[in-house]
Amino acid sequence: MRWLFCVMNDIIRLKSRSMTRFAPSFDRLNGKQATARGTRDSFWYCRISGPCLMITRMLKEIYAYRELMFAMAYRDIRVKYKQAVMGVAWVFVMPILAIASGICFRIAMAFFGGRPLELGAITGVMAKSIPWLLFSGIVATASSSILGNIGLISKIYFPRKIVPISSILSTMLDFVISGTGIAIILLVIALAVPTEKPAVTISWLLLLVPFLIATLVVLGLGLGLFFGAANLFFRDVKYIVQVLLQYGIFFSLVYFSYYELGQYGWILLVNPVAPILEVIRSIVVQGVIDPTLLPWLGYSVIVTLLVAMGGCWVFDRAESLFAEYA
Amino acid sequence: MSDVAIHVDHVWKKFRKGEIHDSLRELIPAAFKRLTGRGPKRSDLNQSEFWALKDVSFEVKQGESLGIIGPNGAGKSTMLKVLSRIMKPNRGNYDIHGRLSALIEVGAGFHSDLTGRENIYLNGTILGMTRQEIKAKEEAIIDFAGVSDFIDTPVKRYSSGMNARLGFAVAAHLQTDVLLVDEVLSVGDARFRHKCVTHMNNMLRSGITVIFISHILDQVRSLCPRTLVLDRGEVVYNGATDGAVRKYLDLLATADRLEETGEVGADVREIKLCDAQGNEQLEWRAGEAGYLEFELHVRKQYVAVQAGVNWKTLGGVYIGTFHSSRQVHSLAEKPGVYRIRIQIDPMPLADGDYEIELHIYGANPDEGYVNIWETRQPRIVPIRGNEPSGQIVLFQGNWTSEPVMPAKDDTLRPKSHVMTASAGII
């Protein structure tokens with residue numbers, strides 16, 4: 001109990017204890033008179049309360065170096081759209097392609113099921129594609145971000161977590177733009193298009209959707225930290241991730257739902273992304289949370305936290321070797 | 001708080017040789033062993049590793065500037081990377097008090113597609129300045145770099161000199177307490193380098209603590225009163241810069257002593273600078289006689305053996321040759337060991353560091369003089385005076401002056417009728 005109190009104290013006061021045992025602190029936080037300390041090689045550098053201190057320390061780091069983060073994100077965004085033939089239109093092409101292929105899928109399913117194509121199926125695909133594109137974009141960009149910025153990493157000191165976090169900012173900006181577009185379309189469908197079965201339902205549960213998106217982001221970031229660090233040591237991790245994401249769209253129930261796969265469809269819910277997407281669909285299309293999905297949602301949240309902490313832990317341990325393995 | 005800005009305490013750092021990646025087959029059991037604490041500690045050496053830094057300790061006080069010099073591969077850049085937290089030491093620790101900035105490369109983070117102005121903001125943020133700071137100093141930075149015409153073109157179209165100047169200009173306007181500089185003062189043309197050194201001097205006067213790595217000994221001498229000499233990871237000298245420079249030049253010469261070329265006809269051992277009594281000296285005094293001694297082992301019979309000493313400045317400008325054929329018929333009549341002594345009196349060179357190369361020639365009856373031995377690496381001769389004169393040659397001679405009497409001749413005085421004529425023309 002006492003350690004819980006200490007941790008809460010730390011979170012409230014935002015300071016960390018025992019600097020010698022942790023990785024070097026940073027001088028910006030405390031102003032000009034702070035100290036940086038190098039550490040000896042020690043094995044268990046986190047104590048039991050490590051994870052919470054790690055999170056507060058990580059948030060403090062990110063806040064201290066926020067200008068660098070935004071500068072790098074600005075650089076990525078500007079470079080992406082300079083001298084490009086499609087430019088900003090790229091933000092809309094990806095979702096359109098994803099949704100169009102989903103619609104093809106659904107048409108085929110409706111044909112084989114002998115039932116007419118429902119609008120609810122199409123809106124479901126729309127509601128799931130955009131978060132999936134966000135997740136896959138985050139994992140793909142973060143995995144290759146460390147190797148892509150290795151020039152900076154081997155020459156300047158800054159907390160290395162800034163690199164994957166800033167690399168996802170451009171993906172999140174794309175998500176905001178395309179998500180707003182899709183939201184408007186869904187709103188129009190909700191208000192203007194009459195259907196028998198619900199296609200889009202507006203309810204208070206829609207307020208839960210941002211938290212679900214946030215869970216996806218944290219999960220993607222955790223995986224991105226892990227793969228980003230791994231990519232530095234094993235250079236084919238980037239391609240493995242690309243392939244996994246390419247086919248992951250089918251294993252994450254984006255184009256179909258778990259009950260449409262027969263008796264054993266729930267197995268795909270083991271993929272932590274799938275329950276989150278399914279819950280988003282059920283909120284957007286039907287306005288309720290499917291009760292069988294609730295335990296799976298809890299499972300997803302726990303897996304997200306574990307993956308995020310695990311990714312941070314692996315990243316922290318590998319961070320000191322980045323400059324050598326460049 | 002004490003006034004020690006940087007304190008390095010028995011730092012060791014090792015690197016791996018060869019291929020770094022283990023195969024997956026070895027990695028998994030090794031990872032498990034390390035996770036459970038049974039594997040070898042990270043601070044020991046296995047056979048594919050080497051120590052880049054061995055037990056390095058030193059201290060730098062606030063406002064002081066320390067130079068670090070050493071032969072290539074001595075670990076200077078590694079030391080800087082450890083201090084700037086890019087790499088972690090395997091043993092030991094260090095303390096830095098104050099805001100730290102490291103200049104390991106000019107133009108770090110420059111993206112070739114962005115314009116110069118955008119890169120100023122990017123590079124400045126990377127080096128630690130806030131956006132307001134950069135905005136306030138933007139004009140000064142563009143001025144310093146001298147690229148104001150091209151500031152809005154993408155950096156990929158800059159010449160390499162412009163890139164380097166822009167990068168250094170951003171770095172030069174850093175406000176920081178502790179600065180680590182790694183050989184960045186050698187970019188650009190001579191005028192820009194002079195600007196850089198002047199700027200660095202101004203920064204030093206404002207109380208910044210600096211660690212300065214350079215190969216340009218003149219810069220180290222003018223910027224740092226105290227210098228560290230590193231050789232193969234160890235600190236071999238920590239003290240006044242003059243002594244450090246001598247030690248460094250010594251290290252360079254020692255490394256090459258075993259690499260002389262030449263056929264077996266003759267061999268030279270122990271080239272050393274001496275004083276009049278033959279005691280070995282580390283340097284010569286400007287304006288006094290200089291003595292050079294070496295041992296010549298002649299193995300074959302030559303008609304005549306001669307030697308020549310070529311003098312060059314450190315920059316490679318050839319000064320002249322002192323040849324033995326001017327004075328002696330032959331240095332060695334028959335095979336044996338000879339002690340050769342060269343007296344240069346008076347020494348016409350001013351203070352500075354010069355390179356000498358020694359060539360031994362042997363004359364055969366059919367071929368004439370043949371080069372039978374030469375130094376592969378030039379030796380460095382430091383010549384020191386009471387104060388730096390900045391010259392290469394000391395002229396010795398004399399000046400006289402005597403007054404000259406004016407001539408009694410009228411032709412030298414202006415004629416009055418000429419003036420009257422010009423005053424009133426009829």
# chains A, B, ... in the order shown; residues from 1 in each chain; ligands from 1
>>> select_by_dssp(residues="region 128-316 of chain A", states="helix (DSSP H, G or I)", output="ChimeraX atom specification")
/A:128-148,150-153,162-192,204-233,237-251,258-261,265-270,273-286,293-316
>>> residues_around(residues="region 251-267 of chain A", least_positions_apart="4", cutoff="9 Å", atoms="only C-alpha atoms", output="ChimeraX atom specification")
/A:99,101-103,105-106,121,124-129,132,247,271-275,277-278
>>> write_last_selection(atoms="N, CA and C atoms", output="mmCIF file, in the first residue's frame")
data_model
loop_
_atom_site.group_PDB
_atom_site.id
_atom_site.type_symbol
_atom_site.label_atom_id
_atom_site.label_comp_id
_atom_site.auth_asym_id
_atom_site.auth_seq_id
_atom_site.Cartn_x
_atom_site.Cartn_y
_atom_site.Cartn_z
ATOM 1 N N ILE A 99 -12.041 1.490 -48.150
ATOM 2 C CA ILE A 99 -13.490 1.332 -48.043
ATOM 3 C C ILE A 99 -14.048 0.670 -49.304
ATOM 4 N N SER A 101 -12.571 -1.464 -51.271
ATOM 5 C CA SER A 101 -12.321 -2.909 -51.271
ATOM 6 C C SER A 101 -13.218 -3.593 -50.247
ATOM 7 N N GLY A 102 -13.519 -2.892 -49.142
ATOM 8 C CA GLY A 102 -14.448 -3.469 -48.177
ATOM 9 C C GLY A 102 -15.831 -3.647 -48.754
ATOM 10 N N ILE A 103 -16.227 -2.660 -49.564
ATOM 11 C CA ILE A 103 -17.550 -2.752 -50.172
ATOM 12 C C ILE A 103 -17.608 -3.919 -51.146
ATOM 13 N N PHE A 105 -15.955 -6.640 -50.891
ATOM 14 C CA PHE A 105 -16.066 -7.797 -50.015
ATOM 15 C C PHE A 105 -17.514 -8.045 -49.612
ATOM 16 N N ARG A 106 -18.141 -6.981 -49.172
ATOM 17 C CA ARG A 106 -19.501 -7.092 -48.671
ATOM 18 C C ARG A 106 -20.483 -7.472 -49.755
ATOM 19 N N ALA A 121 -23.957 -2.720 -43.439
ATOM 20 C CA ALA A 121 -22.677 -3.390 -43.668
ATOM 21 C C ALA A 121 -21.643 -2.383 -44.178
ATOM 22 N N GLY A 124 -20.544 -0.045 -41.532
ATOM 23 C CA GLY A 124 -19.654 -0.759 -40.619
ATOM 24 C C GLY A 124 -18.236 -0.797 -41.146
ATOM 25 N N VAL A 125 -18.127 -1.098 -42.458
ATOM 26 C CA VAL A 125 -16.789 -1.121 -43.059
ATOM 27 C C VAL A 125 -16.134 0.252 -42.967
ATOM 28 N N MET A 126 -16.938 1.292 -43.234
ATOM 29 C CA MET A 126 -16.367 2.643 -43.162
ATOM 30 C C MET A 126 -15.886 2.954 -41.758
ATOM 31 N N ALA A 127 -16.698 2.565 -40.767
ATOM 32 C CA ALA A 127 -16.344 2.911 -39.393
ATOM 33 C C ALA A 127 -15.110 2.161 -38.923
ATOM 34 N N LYS A 128 -14.851 0.987 -39.497
ATOM 35 C CA LYS A 128 -13.688 0.224 -39.033
ATOM 36 C C LYS A 128 -12.431 0.507 -39.839
ATOM 37 N N SER A 129 -12.593 0.915 -41.109
ATOM 38 C CA SER A 129 -11.408 1.110 -41.944
ATOM 39 C C SER A 129 -10.539 2.244 -41.447
ATOM 40 N N TRP A 132 -8.482 1.370 -38.494
ATOM 41 C CA TRP A 132 -7.465 0.389 -38.868
ATOM 42 C C TRP A 132 -6.317 1.068 -39.610
ATOM 43 N N TYR A 247 -1.643 -8.138 -44.409
ATOM 44 C CA TYR A 247 -2.668 -9.175 -44.285
ATOM 45 C C TYR A 247 -3.436 -9.073 -42.982
ATOM 46 N N ASN A 271 -6.975 -11.358 -31.453
ATOM 47 C CA ASN A 271 -6.192 -10.219 -31.939
ATOM 48 C C ASN A 271 -6.695 -8.973 -31.224
ATOM 49 N N PRO A 272 -5.849 -8.304 -30.406
ATOM 50 C CA PRO A 272 -6.375 -7.221 -29.557
ATOM 51 C C PRO A 272 -6.974 -6.057 -30.335
ATOM 52 N N VAL A 273 -6.605 -5.940 -31.601
ATOM 53 C CA VAL A 273 -7.183 -4.841 -32.379
ATOM 54 C C VAL A 273 -8.635 -5.133 -32.720
ATOM 55 N N ALA A 274 -8.939 -6.407 -32.919
ATOM 56 C CA ALA A 274 -10.271 -6.766 -33.421
ATOM 57 C C ALA A 274 -11.409 -6.358 -32.490
ATOM 58 N N PRO A 275 -11.324 -6.650 -31.176
ATOM 59 C CA PRO A 275 -12.456 -6.239 -30.333
ATOM 60 C C PRO A 275 -12.690 -4.746 -30.352
ATOM 61 N N LEU A 277 -12.105 -2.614 -32.773
ATOM 62 C CA LEU A 277 -12.780 -2.226 -34.013
ATOM 63 C C LEU A 277 -14.225 -2.683 -34.010
ATOM 64 N N GLU A 278 -14.450 -3.895 -33.496
ATOM 65 C CA GLU A 278 -15.828 -4.393 -33.463
ATOM 66 C C GLU A 278 -16.703 -3.543 -32.568
#
>>> residues_around(residues="Ala172 (chain B)", least_positions_apart="6", cutoff="12 Å", atoms="only C-alpha atoms", output="PyMOL selection string")
chain B and resi 101-103+106-107+120+123-124+127+129+134+137-138+140-145+164-166+179+181+184-185+195-204
>>> atom_distance(atom1="CA of Ser178 (chain A)", atom2="CA of Phe92 (chain A)")
6.1 Å
>>> select_by_dssp(residues="region 224-292 of chain B", states="strand (DSSP E or B)", output="VMD selection string")
chain B and resid 226 to 231 234 to 240 261 to 262 266 to 274 280 to 281 284 to 285 290 to 292
>>> residues_around(residues="Lys155 (chain A)", least_positions_apart="6", cutoff="8 Å", atoms="only C-alpha atoms", output="ChimeraX atom specification")
/B:81,86,104-105,108
>>> residues_around(residues="region 305-320 of chain B", least_positions_apart="5", cutoff="7 Å", atoms="only C-alpha atoms", output="number ranges by chain")
B: 325, 330-332, 353-363
>>> residues_around(residues="Arg269 (chain B)", least_positions_apart="4", cutoff="7 Å", atoms="only C-alpha atoms", output="list in words")
Phe294, Glu295 and Leu296 of chain B
>>> write_last_selection(atoms="N, CA and C atoms", output="compact mmCIF listing (two decimals), in the first residue's frame")
# COMPACT_ATOMS: atom_id res chain seq x y z
N PHE B 294 71.95 11.34 -35.44
CA PHE B 294 71.38 10.02 -35.68
C PHE B 294 72.52 9.03 -35.87
N GLU B 295 72.17 7.76 -35.71
CA GLU B 295 73.13 6.69 -35.87
C GLU B 295 72.98 6.09 -37.24
N LEU B 296 74.06 5.99 -37.96
CA LEU B 296 74.00 5.44 -39.32
C LEU B 296 74.73 4.10 -39.33
>>> closest_residue(among="A:Leu212, A:Ala318, A:Val303, A:Leu244", to="chain B", atoms="only C-alpha atoms")
A:Ala318
>>> closest_residue(among="A:Pro131, A:Pro159, A:Pro198, A:Gly137", to="Met58 (chain A)", atoms="only C-alpha atoms")
A:Pro159
>>> closest_residue(among="A:Phe175, A:Phe233, A:Tyr299, A:Phe227", to="chain B", atoms="only C-alpha atoms")
A:Phe233
>>> closest_residue(among="A:Val79, A:Val279, A:Met109, A:Val270", to="Thr292 (chain A)", atoms="only C-alpha atoms")
A:Val279
